[in-house]
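Below is one structure, written out as structure tokens, with a few remarks after it.
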Amino acid sequence: MSGIFAMTGSIADGEVREVLKSMHHRGPDEGDEIILDSFHLAHQRLSIVGVNKGKQPIANADNTKWIVADGEIYNYLDLKKQISDKTIFLTESDAEVPLKLYEQQGSKAVKHLDGMFAFVIVDTENDTFLAARDTLGSKPLYYGENDAGNMIFASELKALYKVTEDVNEFPSGSYYTPEEGFVMYREIQQPDSLEIFSESELPQMMDGIRHHLESAVQKHLTADVEVGVLLSGGLDSSLIALLAQENRKRKEPLKSFCVGSADSEDVKRARQVAKEIGSVHEEYIFDEKDMIDHLPEVIYHLESFDSSLVRSAIPSYFVSRLAAEHGVKVILSGEGADELFSGYQYLKGINNTEKLNQELVRIINTMHNINLQRGDRMSMAHSVELRVPFLDLEFIEYALKIPAELKLNAAQIEKWILRKAYDGRLSDNIIWRDKAEFSEGSGALDILESYAEGKFSDGELNRANAENEWVRSKQELLYYNIFKKYFPQQSVLATVGHWATV
């Protein structure tokens with residue numbers, strides 16, 4: 001996990017210091033920069049893999065190629081084994097693997113990477129560069145040009161705006177080179193109809209779910225530091241917590257974290273799950289003043305004003321802070337299960353597998369500036385890395401082959417087959433608990449709606465909506481006004497993702 005900055009040309013010392021300062025929360029462990037003939041790279045590092053030997057920017061042996069990277073390459077050890085007879089690694093960082101692959105394969109190297117990442121490799125020998133972002137856009141990356149025509153990349157909007165007002169979101173699943181332009185190297189697609197499992201294969205499908213999800217959790221536990229879990233007490237986070245407890249290799253007991261308002265359902269259920277799996281459980285109870293006081297900081301880090309996103313970001317902010325206060329640098333989340341197993345209310349009317357997959361693939365491919373942006377920004381606000389095992393690429397591929405009738409059964413129970421696969425592993429009131437949004441289960445939704453309703457008139461909302469059609473409620477107006485103070489530039493609006501509902 002890191003904050004990255006890269007550009008053709010260079011900027012003054014004062015400007016790069018401001019850039020690094022704006023990204024310090026993404027990587028407080030160490031930071032550095034390098035000025036080359038035609039490029040300027042800067043990096044703030046959160047040490048997760050290769051803790052003592054992985055400072056960036058990382059160079060190759062003759063200092064002709066350099067990388068700054070954010071995220072984790074989960075298959076980096078396998079890739080190192082494959083190319084170890086052709087290259088010598090100079091660090092223990094997973095971020096060095098894309099650099100070595102680039103030396104051998106150029107831009108094609110990106111296709112071999114499994115993980116959540118954003119990186120820029122500069123090649124001074126050939127006066128070119130490669131920028132890339134992971135398939136789902138789990139890690140953020142923005143780009144633009146300055147007045148001198150230099151191309152600039154940064155992890156967050158607030159860093160990019162230090163040097164240019166031309167900002168754009170780098171497309172997920174894509175790479176960029178000056179020679180090729182933007183190239184989509186991978187995207188989530190619907191499986192062919194012949195690949196869809198038969199309903200008669202239910203036992204095999206449940207075995208497949210258990211196998212692939214456990215493998216995903218094992219992969220996401222890879223770290224040289226302690227890994228904890230976010231535990232809301234809902235189905236998704238409880239399953240990840242259960243599997244993390246069963247598959248952890250460190251001696252320390254698993255730490256789980258939950259936040260909510262007093263007597264919220266999340267807090268009660270999370271305590272129960274923590275007791276069942278034997279995790280060391282920590283919780284934080286927030287109230288209305290807590291939420292309102294921290295709204296500006298949440299929106300500053302979130303870089304969005306979307307109503308659904310902000311209200312779910314507030315408990316995410318508090319729970320990430322809680323993990324950081326207890327010395328945990330990596331946390332696993334249950335994010336992604338709703339997108340794979342038809343967990344949203346509006347999907348209940350779709351029982352045709354092809355039509356359901358069409359919608360599931362659509363929302364998975366839009367998570368980069370909604371759910372995944374929230375997860376990344378709220379965790380990194382406290383220098384914590386968030387990982388999402390449900391969104392492992394192999395698990396996604398498997399889950400999309402499960403017929404719609406088994407994701408939403410005749411009794412209209414969402415995520416039915418996922419629940420059935422783990423029936424008996426946790427208490428029934430956890431496995432079969434009705435879905436609740438994070439903001440709803442934590443108690444945040446009612447507090448924020450009530451506060452915003454009393455703050456603005458209908459006329460104020462109508463005027464704001466006329467200015468920006470995406471200001472759709474008084475709650476959203478509250479967030480929009482704060483957002484504009486931090487990001488007044490018109491160009492920022494194109495980067496903001498939106499839920500269809502408020």
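Here, A, B, ... name the chains of the structure tokens in the order displayed, residue numbers run from 1 inside each chain, and ligands are numbered from 1 in the same displayed order.
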Test item, alpha helix (DSSP H) assignment across region 142-366 of chain A, answer as a ChimeraX atom specification
/A:157-160,202-220,235-247,265-277,288-302,307-325,337-341,353-364
Mind checking which residues fall within 12 Å of Tyr344 (chain A), counting only C-alpha atoms, ignoring those fewer than 2 positions away in the same chain, and posting them as JSON, numbers by chain?
{"A": [336, 337, 338, 339, 340, 341, 342, 346, 347, 348, 349, 350, 356, 359, 360, 363, 407, 408, 412, 413, 414, 415, 434, 435, 436, 437, 501]}
Can you spit out the residues from that selection as a short mmCIF file (atom, residue, chain, number, x, y, z; two decimals), in the first residue's frame, using N, CA and C atoms?
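The resulting again-v6.cif:
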```
data_model
loop_
_atom_site.label_atom_id
_atom_site.label_comp_id
_atom_site.auth_asym_id
_atom_site.auth_seq_id
_atom_site.Cartn_x
_atom_site.Cartn_y
_atom_site.Cartn_z
N GLY A 336 -18.17 -7.27 -1.74
CA GLY A 336 -18.20 -7.99 -3.00
C GLY A 336 -19.18 -9.15 -3.08
N ALA A 337 -19.60 -9.69 -1.94
CA ALA A 337 -20.52 -10.83 -1.98
C ALA A 337 -21.87 -10.46 -2.57
N ASP A 338 -22.35 -9.26 -2.30
CA ASP A 338 -23.64 -8.83 -2.85
C ASP A 338 -23.59 -8.76 -4.37
N GLU A 339 -22.47 -8.32 -4.91
CA GLU A 339 -22.32 -8.22 -6.36
C GLU A 339 -22.22 -9.58 -7.03
N LEU A 340 -21.75 -10.57 -6.32
CA LEU A 340 -21.58 -11.91 -6.90
C LEU A 340 -22.79 -12.81 -6.69
N PHE A 341 -23.51 -12.60 -5.58
CA PHE A 341 -24.58 -13.53 -5.21
C PHE A 341 -25.95 -12.86 -5.13
N SER A 342 -26.11 -11.76 -5.86
CA SER A 342 -27.43 -11.12 -5.99
C SER A 342 -27.98 -10.68 -4.64
N TYR A 346 -33.00 -4.71 -5.36
CA TYR A 346 -33.55 -4.49 -6.70
C TYR A 346 -33.29 -5.67 -7.65
N LEU A 347 -32.40 -6.58 -7.25
CA LEU A 347 -32.09 -7.74 -8.10
C LEU A 347 -33.08 -8.88 -7.91
N LYS A 348 -33.97 -8.76 -6.93
CA LYS A 348 -34.86 -9.88 -6.62
C LYS A 348 -35.83 -10.23 -7.74
N GLY A 349 -36.04 -9.32 -8.66
CA GLY A 349 -36.95 -9.62 -9.76
C GLY A 349 -36.27 -10.28 -10.94
N ILE A 350 -34.97 -10.49 -10.87
CA ILE A 350 -34.24 -11.08 -12.00
C ILE A 350 -33.90 -12.53 -11.69
N LEU A 356 -29.39 -11.78 -15.14
CA LEU A 356 -28.80 -11.46 -13.84
C LEU A 356 -27.30 -11.22 -13.97
N GLU A 359 -26.37 -7.85 -15.29
CA GLU A 359 -26.41 -6.78 -14.29
C GLU A 359 -25.29 -6.92 -13.26
N LEU A 360 -24.99 -8.15 -12.84
CA LEU A 360 -23.92 -8.35 -11.87
C LEU A 360 -22.57 -7.91 -12.44
N ILE A 363 -22.36 -4.08 -12.44
CA ILE A 363 -22.06 -3.42 -11.17
C ILE A 363 -20.66 -3.77 -10.66
N LYS A 407 -28.98 -18.36 -6.44
CA LYS A 407 -28.54 -17.17 -5.71
C LYS A 407 -29.72 -16.51 -5.00
N LEU A 408 -30.88 -16.59 -5.64
CA LEU A 408 -32.12 -16.08 -5.04
C LEU A 408 -33.16 -17.19 -5.20
N GLN A 412 -37.23 -16.17 -2.02
CA GLN A 412 -36.68 -14.82 -2.15
C GLN A 412 -35.60 -14.50 -1.11
N ILE A 413 -34.85 -15.51 -0.71
CA ILE A 413 -33.72 -15.30 0.20
C ILE A 413 -32.48 -15.02 -0.64
N GLU A 414 -31.96 -13.79 -0.53
CA GLU A 414 -30.80 -13.43 -1.34
C GLU A 414 -29.55 -14.18 -0.87
N LYS A 415 -28.64 -14.41 -1.80
CA LYS A 415 -27.38 -15.12 -1.54
C LYS A 415 -27.63 -16.52 -0.97
N ASP A 434 -31.05 -11.37 7.57
CA ASP A 434 -31.42 -10.51 6.45
C ASP A 434 -30.31 -9.51 6.18
N LYS A 435 -30.15 -9.18 4.90
CA LYS A 435 -29.12 -8.21 4.53
C LYS A 435 -29.49 -6.82 5.02
N ALA A 436 -28.48 -6.09 5.51
CA ALA A 436 -28.63 -4.68 5.85
C ALA A 436 -27.43 -3.93 5.33
N GLU A 437 -27.65 -2.73 4.76
CA GLU A 437 -26.52 -1.91 4.34
C GLU A 437 -25.66 -1.60 5.56
N THR A 501 -29.49 4.94 -6.57
CA THR A 501 -30.45 5.42 -5.58
C THR A 501 -29.72 6.20 -4.51
#
```
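Residue nearest Glu103 (chain A), chosen from A:Ile121, A:Leu41, A:Cys258, A:Ile188 and counting only C-alpha atoms: A:Ile121.
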Expected answer as JSON, numbers by chain: strand (DSSP E) residues in region 120-248 of chain A:
{"A": [120, 121, 122, 123, 128, 129, 130, 131, 132, 133, 142, 143, 144, 145, 151, 152, 153, 154, 168, 169, 174, 175, 176, 177, 181, 182, 183, 184, 227, 228, 229, 230]}
Which of these, A:Val49, A:Ile482, A:Ala61, A:Leu426, has the shortest distance to Ala95 (chain A) once you count only C-alpha atoms?
A:Val49
Quick one: everything within 9 Å of Ser22 (chain A), counting only C-alpha atoms, minus sequence neighbours fewer than 4 positions away in the same chain. Send it as an MDAnalysis selection string.
chainID A and resid 17:18 26 156 158:159 162
Give me the region 221-267 of chain A side of the contact with region 294-318 of chain A, cut-off 12 Å, one line per residue showing its nearest atom pair and distance in Å at one decimal, counting only C-alpha atoms, sorted by chain and residue number, as CSV.
```
residue,atom,partner,partner_atom,distance
A:Leu230,CA,A:Ser316,CA,9.0
A:Leu231,CA,A:Ser316,CA,11.0
A:Ser232,CA,A:Pro315,CA,10.1
A:Phe257,CA,A:Phe318,CA,9.8
A:Cys258,CA,A:Pro315,CA,8.8
A:Val259,CA,A:Pro315,CA,6.4
A:Gly260,CA,A:Pro315,CA,6.9
A:Ser261,CA,A:Pro315,CA,9.4
A:Ser264,CA,A:Pro315,CA,12.0
A:Asp266,CA,A:Pro315,CA,10.9
A:Val267,CA,A:Pro315,CA,11.6
```
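Within the 9 Å cut-off around Gly144 (chain A), using only C-alpha atoms and omitting residues fewer than 6 positions from it on the same chain, the listed residues are Asn150, Met151, Ile152, Phe153, Leu160, Thr164, Glu165, Asp166, Val167, Asn168 and Glu169 of chain A.
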Same residues, N, CA and C atoms, saved as a PDB file, in the first residue's frame:
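The result, written out as selection_34.pdb:
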```pdb
ATOM      1  N   ASN A 150       3.214  17.965 -19.797  1.00  0.00           N
ATOM      2  CA  ASN A 150       3.716  16.777 -19.118  1.00  0.00           C
ATOM      3  C   ASN A 150       2.552  15.919 -18.634  1.00  0.00           C
ATOM      4  N   MET A 151       2.665  14.612 -18.771  1.00  0.00           N
ATOM      5  CA  MET A 151       1.636  13.705 -18.292  1.00  0.00           C
ATOM      6  C   MET A 151       1.943  13.330 -16.849  1.00  0.00           C
ATOM      7  N   ILE A 152       0.908  13.337 -16.013  1.00  0.00           N
ATOM      8  CA  ILE A 152       1.089  13.169 -14.575  1.00  0.00           C
ATOM      9  C   ILE A 152       0.132  12.105 -14.064  1.00  0.00           C
ATOM     10  N   PHE A 153       0.610  11.281 -13.128  1.00  0.00           N
ATOM     11  CA  PHE A 153      -0.197  10.236 -12.497  1.00  0.00           C
ATOM     12  C   PHE A 153      -0.089  10.373 -10.983  1.00  0.00           C
ATOM     13  N   LEU A 160      -2.952  15.048  -7.265  1.00  0.00           N
ATOM     14  CA  LEU A 160      -2.874  15.486  -8.653  1.00  0.00           C
ATOM     15  C   LEU A 160      -3.212  16.967  -8.792  1.00  0.00           C
ATOM     16  N   THR A 164      -1.889  20.168 -11.325  1.00  0.00           N
ATOM     17  CA  THR A 164      -2.695  20.410 -12.518  1.00  0.00           C
ATOM     18  C   THR A 164      -4.170  20.402 -12.159  1.00  0.00           C
ATOM     19  N   GLU A 165      -4.985  21.088 -12.979  1.00  0.00           N
ATOM     20  CA  GLU A 165      -6.433  21.031 -12.804  1.00  0.00           C
ATOM     21  C   GLU A 165      -7.075  20.114 -13.827  1.00  0.00           C
ATOM     22  N   ASP A 166      -6.246  19.485 -14.640  1.00  0.00           N
ATOM     23  CA  ASP A 166      -6.724  18.502 -15.607  1.00  0.00           C
ATOM     24  C   ASP A 166      -6.648  17.126 -14.957  1.00  0.00           C
ATOM     25  N   VAL A 167      -7.770  16.630 -14.445  1.00  0.00           N
ATOM     26  CA  VAL A 167      -7.760  15.331 -13.756  1.00  0.00           C
ATOM     27  C   VAL A 167      -8.769  14.389 -14.388  1.00  0.00           C
ATOM     28  N   ASN A 168      -8.363  13.128 -14.491  1.00  0.00           N
ATOM     29  CA  ASN A 168      -9.204  12.075 -15.048  1.00  0.00           C
ATOM     30  C   ASN A 168      -8.932  10.798 -14.275  1.00  0.00           C
ATOM     31  N   GLU A 169      -9.961   9.956 -14.146  1.00  0.00           N
ATOM     32  CA  GLU A 169      -9.742   8.662 -13.526  1.00  0.00           C
ATOM     33  C   GLU A 169      -9.127   7.709 -14.540  1.00  0.00           C
TER      34      GLU A 169
END
```
Using only C-alpha atoms, find the one residue out of A:Ile396, A:Leu242, A:Ala464, A:Met367 that sits nearest to Ile431 (chain A).
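Among the listed residues, the smallest separation from Ile431 (chain A) belongs to A:Leu242.
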With only C-alpha atoms as the counted atoms, please give the residues lying no more than 10 Å from Leu477 (chain A), apart from itself and same-chain residues fewer than 2 positions off, as a PDB file with C-alpha atoms, in the first residue's frame.
```
ATOM      1  CA  PHE A 305     -20.264  13.349  -2.238  1.00  0.00           C
ATOM      2  CA  ASP A 306     -22.518  10.469  -3.340  1.00  0.00           C
ATOM      3  CA  SER A 307     -25.065   9.985  -0.583  1.00  0.00           C
ATOM      4  CA  ALA A 452     -29.758  16.739   6.978  1.00  0.00           C
ATOM      5  CA  LYS A 455     -30.531  21.618   8.025  1.00  0.00           C
ATOM      6  CA  PHE A 456     -31.909  22.457   4.555  1.00  0.00           C
ATOM      7  CA  GLU A 460     -32.290  24.936  -1.122  1.00  0.00           C
ATOM      8  CA  LEU A 461     -32.364  21.349  -2.348  1.00  0.00           C
ATOM      9  CA  ASN A 462     -34.165  22.337  -5.576  1.00  0.00           C
ATOM     10  CA  ALA A 464     -28.705  22.681  -5.719  1.00  0.00           C
ATOM     11  CA  ASN A 465     -30.304  20.033  -7.931  1.00  0.00           C
ATOM     12  CA  ASN A 468     -25.977  19.577 -10.263  1.00  0.00           C
ATOM     13  CA  TRP A 470     -26.568  14.403  -8.791  1.00  0.00           C
ATOM     14  CA  VAL A 471     -27.561  16.349  -5.687  1.00  0.00           C
ATOM     15  CA  ARG A 472     -30.729  14.350  -5.157  1.00  0.00           C
ATOM     16  CA  SER A 473     -31.545  14.670  -1.455  1.00  0.00           C
ATOM     17  CA  LYS A 474     -30.928  16.935   1.496  1.00  0.00           C
ATOM     18  CA  GLN A 475     -28.451  14.410   2.811  1.00  0.00           C
ATOM     19  CA  TYR A 479     -22.144  16.208   1.584  1.00  0.00           C
ATOM     20  CA  TYR A 480     -21.937  18.215  -1.657  1.00  0.00           C
ATOM     21  CA  ASN A 481     -21.404  21.496   0.158  1.00  0.00           C
ATOM     22  CA  ILE A 482     -18.500  20.017   2.117  1.00  0.00           C
ATOM     23  CA  PHE A 483     -17.062  18.369  -0.998  1.00  0.00           C
TER      24      PHE A 483
END
```
CA of Ala131 (chain A) and CA of Pro171 (chain A), how far apart in Å?
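Calculated distance between CA of Pro171 (chain A) and CA of Ala131 (chain A) is 10.7 Å.
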Please measure the separation of CA of Lys484 (chain A) and CA of Ile11 (chain A), giving the value in Å to one decimal.
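That distance, rounded to one decimal, is 26.6 Å.
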Tell me which protein, DNA and RNA residues are within 10 Å of Arg321 (chain A), counting only C-alpha atoms, leaving out same-chain ones fewer than 6 positions away, and put them as a list in words.
Phe257, Tyr284, Pro315, Val328, Met378, Ser379, Met380, Ala381, His382, Ser383 and Val384 of chain A
Selected residues, N, CA and C atoms, written as a short mmCIF file (atom, residue, chain, number, x, y, z; two decimals), in the first residue's frame, please.
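Final file, selection-v1.cif:
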```
data_model
loop_
_atom_site.label_atom_id
_atom_site.label_comp_id
_atom_site.auth_asym_id
_atom_site.auth_seq_id
_atom_site.Cartn_x
_atom_site.Cartn_y
_atom_site.Cartn_z
N PHE A 257 -12.89 -6.22 14.26
CA PHE A 257 -13.25 -4.84 14.59
C PHE A 257 -14.65 -4.53 14.09
N TYR A 284 -16.16 0.15 18.58
CA TYR A 284 -16.23 1.58 18.87
C TYR A 284 -17.68 2.02 18.66
N PRO A 315 -19.00 4.80 8.92
CA PRO A 315 -18.60 3.66 9.76
C PRO A 315 -17.31 3.01 9.27
N VAL A 328 -3.01 -2.84 13.76
CA VAL A 328 -3.23 -3.71 12.60
C VAL A 328 -3.07 -2.89 11.32
N MET A 378 -11.09 5.05 2.96
CA MET A 378 -11.33 5.09 4.40
C MET A 378 -10.27 4.32 5.17
N SER A 379 -9.78 3.23 4.60
CA SER A 379 -8.71 2.49 5.27
C SER A 379 -7.40 3.25 5.18
N MET A 380 -7.09 3.77 4.01
CA MET A 380 -5.83 4.47 3.83
C MET A 380 -5.79 5.81 4.56
N ALA A 381 -6.95 6.36 4.89
CA ALA A 381 -6.97 7.57 5.72
C ALA A 381 -6.28 7.32 7.05
N HIS A 382 -6.23 6.05 7.46
CA HIS A 382 -5.58 5.67 8.72
C HIS A 382 -4.38 4.76 8.48
N SER A 383 -3.86 4.79 7.25
CA SER A 383 -2.67 4.02 6.89
C SER A 383 -2.88 2.52 7.13
N VAL A 384 -4.03 2.04 6.69
CA VAL A 384 -4.38 0.62 6.80
C VAL A 384 -4.74 0.11 5.41
#
```
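Residues in contact with Asp29 (chain A) at up to 10 Å, not including ones fewer than 6 positions away on its chain and judged by only C-alpha atoms, are Ser2, Gln44, Arg45, Leu46, Ser47, Val51, Lys55 and Ser383 of chain A.
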